[in-house]
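So this block is upload.tsv, TSV, C-alpha atoms:
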```tsv
chain	number	residue	atom	x	y	z
A	1	MET	CA	-83.40	191.07	-169.80
A	2	ALA	CA	-84.22	194.61	-168.73
A	3	THR	CA	-83.73	195.62	-165.11
A	4	ARG	CA	-84.39	198.86	-163.34
A	5	LEU	CA	-82.96	200.23	-160.15
A	6	GLU	CA	-85.26	199.37	-157.29
A	7	GLU	CA	-86.64	202.32	-155.36
A	8	GLN	CA	-83.95	204.69	-156.58
A	9	PRO	CA	-85.23	208.31	-156.57
A	10	THR	CA	-84.00	210.68	-159.22
A	11	THR	CA	-81.08	212.61	-157.77
A	12	ASP	CA	-79.59	215.94	-158.78
A	13	PRO	CA	-76.26	214.86	-160.27
A	14	GLN	CA	-74.54	217.85	-158.70
A	15	ASP	CA	-75.49	216.63	-155.24
A	16	LEU	CA	-74.08	213.16	-155.74
A	17	THR	CA	-70.61	211.68	-155.93
A	18	VAL	CA	-70.44	208.16	-157.34
A	19	HIS	CA	-67.29	206.26	-156.48
A	20	VAL	CA	-65.92	203.73	-158.95
A	21	LEU	CA	-63.78	201.14	-157.18
A	22	TRP	CA	-61.64	199.18	-159.61
A	23	ILE	CA	-60.00	195.91	-158.59
A	24	ASN	CA	-57.63	194.56	-161.23
A	25	ALA	CA	-56.19	191.88	-158.96
A	26	GLY	CA	-57.93	188.89	-160.45
A	27	LEU	CA	-56.01	186.59	-162.79
A	28	SER	CA	-55.44	189.05	-165.59
A	29	CYS	CA	-52.93	190.80	-167.82
A	30	ASP	CA	-54.43	194.25	-167.08
A	31	GLY	CA	-55.23	194.47	-170.80
A	32	ASP	CA	-58.75	195.74	-170.09
A	33	SER	CA	-57.43	198.63	-168.01
A	34	VAL	CA	-55.00	199.48	-170.79
A	35	ALA	CA	-57.77	199.23	-173.40
A	36	LEU	CA	-59.97	201.72	-171.55
A	37	THR	CA	-57.32	204.41	-171.97
A	38	ALA	CA	-58.10	204.28	-175.72
A	39	ALA	CA	-61.85	204.91	-175.31
A	40	THR	CA	-63.25	207.89	-177.21
A	41	GLN	CA	-67.07	207.46	-177.04
A	42	PRO	CA	-66.89	208.48	-174.26
A	43	SER	CA	-63.31	208.80	-173.11
A	44	ILE	CA	-62.34	207.96	-169.55
A	45	GLU	CA	-61.22	211.59	-169.19
A	46	GLU	CA	-64.74	212.81	-170.00
A	47	ILE	CA	-66.18	210.49	-167.36
A	48	VAL	CA	-63.66	211.35	-164.64
A	49	LEU	CA	-63.81	215.10	-165.27
A	50	GLY	CA	-67.62	215.22	-165.54
A	51	ALA	CA	-67.53	216.66	-169.04
A	52	LEU	CA	-70.81	215.05	-170.10
A	53	PRO	CA	-74.26	216.60	-169.47
A	54	GLY	CA	-76.14	215.26	-166.46
A	55	LEU	CA	-73.23	213.17	-165.24
A	56	PRO	CA	-72.79	212.99	-161.45
A	57	LYS	CA	-69.47	213.77	-159.85
A	58	VAL	CA	-67.30	210.71	-160.27
A	59	ALA	CA	-64.40	209.62	-158.11
A	60	VAL	CA	-62.46	206.83	-159.80
A	61	HIS	CA	-60.21	204.69	-157.64
A	62	TRP	CA	-58.30	202.85	-160.33
A	63	PRO	CA	-54.69	201.71	-160.00
A	64	LEU	CA	-53.90	202.82	-163.54
A	65	ILE	CA	-54.55	206.52	-162.89
A	66	ASP	CA	-53.92	206.84	-159.16
A	67	PHE	CA	-50.22	207.05	-159.84
A	68	GLU	CA	-49.54	209.40	-156.89
A	69	CYS	CA	-50.97	206.96	-154.39
A	70	GLY	CA	-49.32	203.89	-152.99
A	71	PRO	CA	-50.91	200.93	-151.21
A	72	GLU	CA	-49.91	202.36	-147.85
A	73	GLN	CA	-48.00	205.54	-148.66
A	74	GLY	CA	-47.88	208.43	-151.10
A	75	ALA	CA	-50.25	211.36	-151.51
A	76	ASP	CA	-53.06	209.07	-150.40
A	77	THR	CA	-53.44	205.53	-149.17
A	78	PHE	CA	-55.04	203.93	-152.20
A	79	ILE	CA	-56.38	200.84	-150.49
A	80	GLU	CA	-58.14	202.88	-147.80
A	81	TRP	CA	-60.92	203.78	-150.23
A	82	PHE	CA	-61.84	200.11	-150.45
A	83	PHE	CA	-61.96	199.81	-146.66
A	84	LYS	CA	-64.17	202.93	-146.56
A	85	ALA	CA	-66.57	201.24	-148.98
A	86	GLU	CA	-66.62	198.15	-146.79
A	87	ARG	CA	-67.44	200.31	-143.74
A	88	GLY	CA	-70.32	201.93	-145.63
A	89	GLU	CA	-68.61	205.33	-145.89
A	90	LEU	CA	-68.81	205.52	-149.70
A	91	GLU	CA	-72.35	205.69	-151.00
A	92	PRO	CA	-73.08	204.87	-153.75
A	93	PHE	CA	-70.24	203.01	-155.43
A	94	VAL	CA	-69.81	200.90	-158.54
A	95	LEU	CA	-67.43	197.96	-158.23
A	96	VAL	CA	-65.43	197.10	-161.37
A	97	LEU	CA	-63.70	193.72	-161.37
A	98	GLU	CA	-60.99	192.84	-163.87
A	99	GLY	CA	-59.52	189.36	-164.11
A	100	SER	CA	-60.89	185.90	-163.37
A	101	ILE	CA	-61.54	184.79	-159.81
A	102	PRO	CA	-59.39	181.87	-158.64
A	103	ASN	CA	-60.76	179.29	-156.24
A	104	GLU	CA	-58.93	180.07	-153.01
A	105	LYS	CA	-60.55	177.09	-151.27
A	106	ILE	CA	-58.19	174.77	-153.12
A	107	LYS	CA	-55.09	176.76	-152.11
A	108	PRO	CA	-54.59	176.00	-148.37
A	109	GLU	CA	-50.85	176.66	-148.44
A	110	GLY	CA	-51.15	180.25	-149.72
A	111	TYR	CA	-53.28	182.26	-152.10
A	112	TRP	CA	-53.70	182.75	-155.83
A	113	SER	CA	-54.31	186.50	-156.04
A	114	GLY	CA	-54.55	189.36	-153.58
A	115	PHE	CA	-55.19	193.08	-153.36
A	116	GLY	CA	-53.53	195.02	-150.56
A	117	ASN	CA	-53.00	193.89	-146.98
A	118	ASN	CA	-55.36	193.33	-144.08
A	119	PRO	CA	-54.37	195.99	-141.51
A	120	ASP	CA	-55.37	193.69	-138.65
A	121	THR	CA	-53.05	190.88	-139.68
A	122	GLY	CA	-50.60	192.47	-142.08
A	123	GLN	CA	-51.30	189.61	-144.48
A	124	PRO	CA	-52.47	189.95	-148.09
A	125	MET	CA	-56.21	190.04	-148.66
A	126	THR	CA	-57.35	187.79	-151.47
A	127	THR	CA	-59.37	189.08	-154.37
A	128	SER	CA	-62.25	186.80	-153.46
A	129	GLU	CA	-62.28	188.17	-149.90
A	130	TRP	CA	-62.64	191.68	-151.26
A	131	ILE	CA	-65.56	190.55	-153.41
A	132	ASP	CA	-67.19	188.95	-150.36
A	133	ARG	CA	-66.84	192.21	-148.43
A	134	LEU	CA	-67.77	194.72	-151.12
A	135	ALA	CA	-70.37	192.99	-153.31
A	136	PRO	CA	-73.21	193.22	-150.73
A	137	LYS	CA	-72.68	197.00	-150.45
A	138	ALA	CA	-72.14	197.84	-154.13
A	139	THR	CA	-74.84	199.65	-156.08
A	140	ALA	CA	-73.66	197.86	-159.22
A	141	ILE	CA	-70.93	195.48	-160.33
A	142	ILE	CA	-69.25	195.47	-163.73
A	143	ALA	CA	-67.19	192.47	-164.80
A	144	ALA	CA	-64.71	193.98	-167.28
A	145	GLY	CA	-63.17	191.69	-169.87
A	146	THR	CA	-63.65	188.01	-170.66
A	147	CYS	CA	-61.55	186.83	-167.71
A	148	ALA	CA	-63.87	188.60	-165.27
A	149	THR	CA	-67.07	187.77	-167.14
A	150	TYR	CA	-66.61	184.06	-167.88
A	151	GLY	CA	-63.16	183.07	-166.64
A	152	GLY	CA	-61.38	183.44	-169.95
A	153	ILE	CA	-58.02	181.88	-170.69
A	154	HIS	CA	-57.21	181.26	-167.03
A	155	ALA	CA	-60.33	179.10	-166.69
A	156	MET	CA	-59.65	176.80	-169.63
A	157	ALA	CA	-59.45	173.04	-169.20
A	158	GLY	CA	-56.44	171.82	-167.24
A	159	ASN	CA	-55.84	175.03	-165.27
A	160	PRO	CA	-54.63	174.60	-161.66
A	161	THR	CA	-56.45	177.59	-160.15
A	162	GLY	CA	-60.12	176.65	-160.59
A	163	ALA	CA	-60.61	180.12	-162.07
A	164	MET	CA	-64.08	181.41	-162.89
A	165	GLY	CA	-65.98	184.56	-163.79
A	166	VAL	CA	-67.56	186.96	-161.30
A	167	ALA	CA	-71.05	185.62	-162.00
A	168	ASP	CA	-69.79	182.08	-161.45
A	169	TYR	CA	-68.39	183.18	-158.09
A	170	LEU	CA	-71.34	185.26	-156.86
A	171	GLY	CA	-74.06	183.33	-158.68
A	172	TRP	CA	-75.79	184.11	-161.95
A	173	ASN	CA	-78.92	185.27	-160.14
A	174	TRP	CA	-77.00	187.62	-157.86
A	175	ARG	CA	-78.46	191.10	-157.45
A	176	SER	CA	-76.93	194.22	-155.96
A	177	LYS	CA	-78.67	196.11	-153.18
A	178	ALA	CA	-80.18	198.27	-155.93
A	179	GLY	CA	-81.60	195.18	-157.63
A	180	LEU	CA	-79.06	195.11	-160.46
A	181	PRO	CA	-77.52	191.94	-161.86
A	182	ILE	CA	-73.82	191.76	-162.64
A	183	VAL	CA	-73.10	193.56	-165.91
A	184	ASN	CA	-70.74	191.53	-168.07
A	185	VAL	CA	-68.72	193.37	-170.72
A	186	PRO	CA	-66.55	190.67	-172.34
A	187	GLY	CA	-63.64	191.00	-174.73
A	188	CYS	CA	-60.00	189.87	-174.71
A	189	PRO	CA	-59.12	192.64	-174.40
A	190	ILE	CA	-62.34	194.51	-173.89
A	191	HIS	CA	-63.47	196.99	-176.53
A	192	PRO	CA	-62.59	200.44	-175.10
A	193	ASP	CA	-65.85	202.16	-176.00
A	194	ASN	CA	-67.99	199.20	-174.96
A	195	LEU	CA	-66.63	199.45	-171.43
A	196	ALA	CA	-66.70	203.25	-171.26
A	197	GLU	CA	-70.26	203.35	-172.58
A	198	THR	CA	-71.42	200.75	-170.06
A	199	ILE	CA	-69.82	202.63	-167.17
A	200	LEU	CA	-71.51	205.80	-168.37
A	201	HIS	CA	-74.89	204.05	-168.66
A	202	LEU	CA	-74.63	202.79	-165.09
A	203	LEU	CA	-73.61	206.20	-163.76
A	204	TYR	CA	-76.70	207.76	-165.31
A	205	ALA	CA	-78.82	204.91	-163.95
A	206	VAL	CA	-77.53	205.48	-160.42
A	207	THR	CA	-78.85	209.05	-160.53
A	208	GLY	CA	-82.19	207.93	-161.96
A	209	ALA	CA	-81.49	209.68	-165.26
A	210	SER	CA	-81.76	206.44	-167.24
A	211	PRO	CA	-83.01	202.88	-166.78
A	212	ALA	CA	-80.55	200.15	-165.97
A	213	PRO	CA	-78.84	198.61	-168.98
A	214	PRO	CA	-80.77	195.79	-170.68
A	215	LEU	CA	-78.84	192.51	-170.60
A	216	ASP	CA	-79.00	189.21	-172.44
A	217	SER	CA	-78.94	185.75	-170.85
A	218	ALA	CA	-75.14	185.92	-170.57
A	219	LEU	CA	-75.52	189.30	-168.75
A	220	ARG	CA	-74.06	191.24	-171.70
A	221	PRO	CA	-75.52	194.65	-172.67
A	222	THR	CA	-77.92	193.84	-175.50
A	223	TRP	CA	-77.25	196.97	-177.53
A	224	LEU	CA	-73.55	196.03	-177.70
A	225	PHE	CA	-73.80	192.26	-178.07
A	226	GLY	CA	-77.15	191.74	-179.79
A	227	ALA	CA	-75.77	190.94	-183.23
A	228	THR	CA	-73.10	188.62	-184.53
A	229	VAL	CA	-69.73	189.55	-185.94
A	230	HIS	CA	-70.92	188.23	-189.31
A	231	GLU	CA	-73.97	190.51	-189.33
A	232	GLY	CA	-71.80	193.59	-188.91
A	233	CYS	CA	-68.83	192.50	-191.01
A	234	ASP	CA	-67.88	194.25	-194.25
A	235	ARG	CA	-66.83	190.83	-195.57
A	236	ALA	CA	-70.26	189.23	-195.11
A	237	GLY	CA	-71.26	189.99	-198.70
A	238	TYR	CA	-68.43	187.77	-199.93
A	239	TYR	CA	-69.84	184.89	-197.87
A	240	GLU	CA	-73.21	185.37	-199.53
A	241	GLN	CA	-71.58	185.23	-202.93
A	242	GLY	CA	-69.47	182.19	-202.07
A	243	ASP	CA	-66.16	184.07	-202.21
A	244	PHE	CA	-63.84	182.85	-199.45
A	245	ALA	CA	-60.31	183.83	-198.60
A	246	ILE	CA	-57.83	180.97	-198.79
A	247	GLU	CA	-54.90	183.02	-197.47
A	248	TYR	CA	-54.42	186.03	-195.25
A	249	GLY	CA	-54.33	189.38	-197.01
A	250	SER	CA	-57.47	188.71	-199.02
A	251	PRO	CA	-60.48	191.05	-198.66
A	252	LYS	CA	-62.92	188.11	-198.91
A	253	CYS	CA	-64.80	186.21	-196.19
A	254	LEU	CA	-62.50	184.65	-193.59
A	255	VAL	CA	-64.64	181.69	-192.49
A	256	LYS	CA	-62.46	179.13	-194.28
A	257	LEU	CA	-59.45	180.49	-192.41
A	258	GLY	CA	-61.16	179.79	-189.07
A	259	CYS	CA	-63.32	182.87	-188.43
A	260	TRP	CA	-66.16	182.22	-185.95
A	261	GLY	CA	-67.99	185.41	-186.92
A	262	PRO	CA	-71.32	183.79	-187.92
A	263	VAL	CA	-72.02	182.68	-184.32
A	264	VAL	CA	-70.11	185.16	-182.12
A	265	LYS	CA	-71.92	188.05	-180.43
A	266	CYS	CA	-69.68	191.09	-180.84
A	267	ASN	CA	-69.93	194.58	-182.36
A	268	VAL	CA	-66.27	195.14	-183.23
A	269	PRO	CA	-66.70	194.98	-187.05
A	270	LYS	CA	-69.33	197.73	-186.98
A	271	ARG	CA	-67.73	199.84	-184.28
A	272	GLY	CA	-64.10	199.47	-185.24
A	273	TRP	CA	-61.55	199.61	-182.45
A	274	ILE	CA	-60.54	203.26	-181.96
A	275	ASN	CA	-62.56	206.06	-183.55
A	276	GLY	CA	-64.24	203.56	-185.85
A	277	ILE	CA	-60.94	202.26	-187.23
A	278	GLY	CA	-59.57	198.74	-186.86
A	279	GLY	CA	-61.15	195.66	-185.33
A	280	CYS	CA	-60.31	192.00	-185.98
A	281	PRO	CA	-61.96	191.16	-189.35
A	282	ASN	CA	-61.68	194.78	-190.49
A	283	VAL	CA	-57.90	194.41	-190.56
A	284	GLY	CA	-57.85	190.84	-191.84
A	285	GLY	CA	-57.89	188.88	-188.60
A	286	ILE	CA	-60.27	186.00	-187.90
A	287	CYS	CA	-62.73	186.17	-185.02
A	288	ILE	CA	-61.68	183.70	-182.30
A	289	ALA	CA	-64.84	184.27	-180.22
A	290	CYS	CA	-63.25	186.07	-177.27
A	291	THR	CA	-66.57	187.59	-176.14
A	292	MET	CA	-68.31	184.24	-175.71
A	293	PRO	CA	-68.86	182.31	-172.45
A	294	GLY	CA	-67.34	179.17	-173.99
A	295	PHE	CA	-64.05	180.89	-174.88
A	296	PRO	CA	-61.45	179.55	-175.36
A	297	ASP	CA	-62.16	175.82	-174.98
A	298	LYS	CA	-65.14	175.56	-177.33
A	299	PHE	CA	-63.41	177.45	-180.14
A	300	MET	CA	-60.08	175.68	-180.33
A	301	PRO	CA	-58.03	174.89	-182.26
A	302	PHE	CA	-57.99	178.40	-183.66
A	303	MET	CA	-57.50	178.88	-187.41
A	304	ASP	CA	-59.36	175.66	-188.22
A	305	GLU	CA	-62.71	175.88	-190.01
A	306	PRO	CA	-65.54	176.05	-187.44
A	307	PRO	CA	-67.94	173.06	-187.29
A	308	GLY	CA	-70.52	173.29	-190.04
A	309	SER	CA	-68.57	175.82	-192.05
A	310	THR	CA	-67.31	173.22	-194.52
A	311	ILE	CA	-70.86	172.29	-195.48
A	312	SER	CA	-72.23	175.84	-195.47
A	313	THR	CA	-69.33	177.32	-197.42
A	314	GLY	CA	-69.32	174.33	-199.77
A	315	VAL	CA	-72.99	174.68	-200.60
A	316	THR	CA	-72.67	178.44	-200.91
A	317	GLY	CA	-69.55	178.20	-203.03
A	318	MET	CA	-70.81	175.38	-205.28
A	319	PHE	CA	-74.41	176.34	-205.96
A	320	TYR	CA	-75.77	179.54	-204.47
A	321	GLY	CA	-72.66	181.71	-204.80
A	322	PRO	CA	-72.02	181.22	-208.54
A	323	LEU	CA	-75.70	181.81	-209.35
A	324	ILE	CA	-75.78	185.01	-207.30
A	325	ARG	CA	-72.55	186.25	-208.84
A	326	ALA	CA	-73.87	185.59	-212.35
A	327	LEU	CA	-77.16	187.37	-211.73
A	328	ARG	CA	-75.44	190.30	-210.11
A	329	SER	CA	-72.99	190.65	-212.98
A	330	ILE	CA	-75.97	191.06	-215.35
A	331	THR	CA	-77.63	193.52	-213.03
A	332	ALA	CA	-74.39	195.43	-212.57
A	333	LYS	CA	-74.06	195.93	-216.31
A	334	THR	CA	-77.58	197.34	-216.61
A	335	VAL	CA	-77.42	199.65	-213.63
A	336	ASP	CA	-74.06	200.99	-214.78
A	337	LYS	CA	-75.87	202.59	-217.74
A	338	GLU	CA	-78.10	205.64	-217.58
A	339	PRO	CA	-81.76	205.39	-218.65
A	340	LYS	CA	-82.29	206.01	-222.36
A	341	TRP	CA	-84.50	209.08	-221.88
A	342	ARG	CA	-81.67	211.18	-220.45
A	343	VAL	CA	-80.80	212.82	-223.79
A	344	PRO	CA	-81.20	216.32	-225.21
A	345	GLY	CA	-83.90	217.04	-227.83
A	346	ASN	CA	-87.36	218.43	-228.48
A	347	GLU	CA	-89.19	215.32	-227.30
A	348	LEU	CA	-89.89	214.34	-223.65
A	349	ARG	CA	-89.10	210.62	-223.49
A	350	THR	CA	-89.54	209.88	-219.78
A	351	GLY	CA	-93.08	208.49	-220.14
A	352	TYR	CA	-94.66	211.43	-218.35
A	353	GLN	CA	-98.34	212.01	-219.22
A	354	PRO	CA	-99.72	215.49	-218.46
A	355	PRO	CA	-103.01	215.38	-216.51
A	356	TRP	CA	-104.60	218.11	-218.63
```
Turn the structure described in the file into structure tokens.
Amino acid sequence: MATRLEEQPTTDPQDLTVHVLWINAGLSCDGDSVALTAATQPSIEEIVLGALPGLPKVAVHWPLIDFECGPEQGADTFIEWFFKAERGELEPFVLVLEGSIPNEKIKPEGYWSGFGNNPDTGQPMTTSEWIDRLAPKATAIIAAGTCATYGGIHAMAGNPTGAMGVADYLGWNWRSKAGLPIVNVPGCPIHPDNLAETILHLLYAVTGASPAPPLDSALRPTWLFGATVHEGCDRAGYYEQGDFAIEYGSPKCLVKLGCWGPVVKCNVPKRGWINGIGGCPNVGGICIACTMPGFPDKFMPFMDEPPGSTISTGVTGMFYGPLIRALRSITAKTVDKEPKWRVPGNELRTGYQPPW
């Protein structure tokens, strides 16, 4: 699903300051904020300091790096930037939401989560109230992490909060004033570079330097979540050959240990975690499907074989795998030897026929 900014003229990046307002006051562990500090392609420092060509000036209002500012004291009043955005004094701005959104309508005796105080009443302002105030004025919204995208662990069956993702709260057909849908970047925690790259893409789009990011039906960037874990996994060849790990520490395919890689949309095996190194199956961990809208309920109990895997691995292991391994062992022996014409002597033995 490709979307473009509606009626957005190309702007000289040097004449524009884009504010990034980050609310991490949903139901969350702040793991996505922490993950972003590990981004390298690009790094958050490169974004904030404008070290990339064509990037507009960026002002990031993020609790993790505004350490000099307090809610109502310090070098600056941190929460005032959010009130400025509500009053229309910050233009344009990108709203980043971290954490699932609790249903405050079922909490009449108090509130589930809040972010700063309302200066008129002195009472905490709920996260959902901030979304109600800021979403209509945002140029774009990013839901960062699986809690914000689809509700995540807090939204699993039996929870008392009625938690949900941002798109559940605002509506899956919601559009910003620039015509952009919510951009979901799932992960528990989020992949550092996936989030940094998406932020960068949107910043370029705001200036007209690039189109808006293409999204799939779950509002995920297609270039990041267009392939399955299995398709990018170094262990996938073992699956094809019917070689399955039966204990942790094996380099073989992890499906029998409970890996959901064949159906999960995620690029971690190909991208690694930091600088191309690490990532769940790359270091021997099963994929538990944390980037999927149905997580975690539809993928539990973890470490059990996924539905259908018993049949598929059984067939592969019993029939297809042994045949493939046998054929490849023969091929391997032949290709491990050099062609017979690579020998010294007076005779050319390559089969070459001169044309004259």
Can you report as AutoDock Vina command-line options the centre and edge lengths in Å, to one decimal, of an axis-aligned box around the listed atoms of range 22-30 of chain A padded with 4 Å on each side?
```
--center_x -57.3 --center_y 192.9 --center_z -163.2 --size_x 16.7 --size_y 20.6 --size_z 17.2
```
*Rank A:Asn282, A:Ser28, A:Thr126, A:Thr17 by their smallest atom-to-atom distance to Ala236 in chain A, using all atoms listed in the file, and report the top residue only.*
A:Asn282
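Here CA of Thr146 in chain A is placed at a distance of 14.2 Å from CA of Leu36 in chain A.
Those DNA, RNA and protein residues that approach the point (-62.0, 189.7, -197.0) to within 9 Å, considering all atoms listed in the file, are Asp234, Arg235, Ala236, Tyr238, Asp243, Phe244, Ala245, Tyr248, Gly249, Ser250, Pro251, Lys252, Cys253, Leu254, Pro281, Asn282, Val283 and Gly284 of chain A.
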*Compare A:Leu203, A:Met303, A:Ile101, A:Met125 by their minimum atom-to-atom distance to Val255 in chain A, counting only C-alpha atoms, and give me the closest one.*
A:Met303
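CA of Gly285 in chain A to CA of Cys259 in chain A spans 8.1 Å [interatomic distance, one decimal].
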*Figure out the distance between CA of Gly31 in chain A and CA of Gly276 in chain A, please, to one decimal in Å.*
19.8 Å
I'd like the neighbourhood of Leu134 in chain A as a PDB file with C-alpha atoms, in the coordinates of the input, where a residue qualifies if any of its atoms comes within 10 Å (using all atoms listed in the file), though same-chain residues fewer than 6 positions away should be ignored.
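Below is the file part14.pdb, written as the result:
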```pdb
ATOM      1  CA  LEU A  21     -63.780 201.140-157.180  1.00  0.00           C
ATOM      2  CA  PHE A  82     -61.840 200.110-150.450  1.00  0.00           C
ATOM      3  CA  PHE A  83     -61.960 199.810-146.660  1.00  0.00           C
ATOM      4  CA  ALA A  85     -66.570 201.240-148.980  1.00  0.00           C
ATOM      5  CA  GLU A  86     -66.620 198.150-146.790  1.00  0.00           C
ATOM      6  CA  ARG A  87     -67.440 200.310-143.740  1.00  0.00           C
ATOM      7  CA  GLY A  88     -70.320 201.930-145.630  1.00  0.00           C
ATOM      8  CA  PHE A  93     -70.240 203.010-155.430  1.00  0.00           C
ATOM      9  CA  VAL A  94     -69.810 200.900-158.540  1.00  0.00           C
ATOM     10  CA  LEU A  95     -67.430 197.960-158.230  1.00  0.00           C
ATOM     11  CA  SER A 128     -62.250 186.800-153.460  1.00  0.00           C
ATOM     12  CA  ILE A 141     -70.930 195.480-160.330  1.00  0.00           C
TER      13      ILE A 141
END
```
*Excluding Leu202 in chain A and any residue of its chain fewer than 4 positions from it, enumerate the residues within 9 Å of it, using all atoms listed in the file, and give them as a PyMOL selection string.*
chain A and resi 94+140+197-198+206-207+210-213
*Go through A:Ala39, A:Ile190, A:Leu97, A:Ile288 and flag the residue nearest Met300 in chain A, using only C-alpha atoms for the distances.*
A:Ile288
*asked:* So that I can check the surroundings of Lys84 in chain A, please list as number ranges by chain every protein, DNA and RNA residue that reaches within 12 Å of it, counting all atoms listed in the file and ignoring chain neighbours fewer than 5 positions away.
replied: A: 19, 21, 61, 77-79, 89-93, 133-134, 137
_Could you list, as JSON, numbers by chain, every residue within 10 Å of Cys290 in chain A, counting only C-alpha atoms and ignoring same-chain residues fewer than 2 positions away?_
{"A": [145, 146, 147, 152, 153, 186, 187, 188, 189, 190, 260, 264, 265, 266, 287, 288, 292, 293, 294, 295, 296, 299]}
*asked:* Please list, as JSON, numbers by chain, the residues that have an atom at most 12 Å away from (-58.4, 202.6, -158.6) in the coordinates of this file, counting all atoms listed in the file.
replied: {"A": [19, 20, 21, 22, 23, 24, 25, 33, 48, 59, 60, 61, 62, 63, 64, 65, 66, 67, 68, 69, 70, 71, 76, 77, 78, 79, 80, 81, 82, 94, 95, 96, 97, 98, 115]}
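Candidate residues A:Gly272, A:Lys256, A:Asn346, A:Asn103 were compared for distance to His191 in chain A, and the nearest is A:Gly272, using all atoms listed in the file.
When all atoms listed in the file are used to compute distances to Ser113 in chain A, the closest of the residues A:Cys280, A:Ala218, A:Asp32, A:Leu27 turns out to be A:Leu27.
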*Top pick for closest residue to Gly158 in chain A, considering A:Val268, A:Ile47, A:Trp172, A:Asp297 and counting all atoms listed in the file*: A:Asp297
For Pro181 in chain A: contacts at 9 Å, all atoms listed in the file, fewer than 3 positions along chain excluded, given as a short mmCIF file (atom, residue, chain, number, x, y, z; two decimals) with C-alpha atoms, in the frame of the given file:
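The result, written out as part_33.cif:
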```cif
data_model
loop_
_atom_site.label_atom_id
_atom_site.label_comp_id
_atom_site.auth_asym_id
_atom_site.auth_seq_id
_atom_site.Cartn_x
_atom_site.Cartn_y
_atom_site.Cartn_z
CA THR A 3 -83.73 195.62 -165.11
CA ALA A 140 -73.66 197.86 -159.22
CA ILE A 141 -70.93 195.48 -160.33
CA TRP A 172 -75.79 184.11 -161.95
CA ASN A 173 -78.92 185.27 -160.14
CA TRP A 174 -77.00 187.62 -157.86
CA ARG A 175 -78.46 191.10 -157.45
CA SER A 176 -76.93 194.22 -155.96
CA LEU A 215 -78.84 192.51 -170.60
CA LEU A 219 -75.52 189.30 -168.75
#
```
Can I get range 13-23 of chain A with N, CA, C and O atoms filled in, as a tab-separated table (two decimals), in the coordinates of the input?
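See selection_30.tsv below for the written result:
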```tsv
chain	number	residue	atom	x	y	z
A	13	PRO	N	-77.62	215.36	-160.11
A	13	PRO	CA	-76.26	214.86	-160.27
A	13	PRO	C	-75.22	215.70	-159.52
A	13	PRO	O	-74.20	215.17	-159.07
A	14	GLN	N	-75.51	216.99	-159.38
A	14	GLN	CA	-74.54	217.85	-158.70
A	14	GLN	C	-74.47	217.59	-157.21
A	14	GLN	O	-73.52	217.99	-156.53
A	15	ASP	N	-75.47	216.92	-156.68
A	15	ASP	CA	-75.49	216.63	-155.24
A	15	ASP	C	-74.97	215.24	-154.92
A	15	ASP	O	-75.03	214.81	-153.77
A	16	LEU	N	-74.44	214.56	-155.93
A	16	LEU	CA	-74.08	213.16	-155.74
A	16	LEU	C	-72.68	212.90	-156.24
A	16	LEU	O	-72.28	213.38	-157.30
A	17	THR	N	-71.91	212.17	-155.47
A	17	THR	CA	-70.61	211.68	-155.93
A	17	THR	C	-70.67	210.16	-155.98
A	17	THR	O	-70.96	209.50	-154.98
A	18	VAL	N	-70.45	209.61	-157.16
A	18	VAL	CA	-70.44	208.16	-157.34
A	18	VAL	C	-68.98	207.70	-157.38
A	18	VAL	O	-68.19	208.19	-158.19
A	19	HIS	N	-68.64	206.80	-156.51
A	19	HIS	CA	-67.29	206.26	-156.48
A	19	HIS	C	-67.24	205.01	-157.35
A	19	HIS	O	-68.14	204.17	-157.33
A	20	VAL	N	-66.18	204.92	-158.14
A	20	VAL	CA	-65.92	203.73	-158.95
A	20	VAL	C	-64.68	203.06	-158.37
A	20	VAL	O	-63.58	203.60	-158.44
A	21	LEU	N	-64.88	201.89	-157.78
A	21	LEU	CA	-63.78	201.14	-157.18
A	21	LEU	C	-63.35	200.04	-158.15
A	21	LEU	O	-64.15	199.16	-158.48
A	22	TRP	N	-62.12	200.09	-158.58
A	22	TRP	CA	-61.64	199.18	-159.61
A	22	TRP	C	-60.62	198.21	-159.01
A	22	TRP	O	-59.57	198.62	-158.52
A	23	ILE	N	-60.94	196.93	-159.06
A	23	ILE	CA	-60.00	195.91	-158.59
A	23	ILE	C	-59.51	195.13	-159.81
A	23	ILE	O	-60.28	194.44	-160.47
```
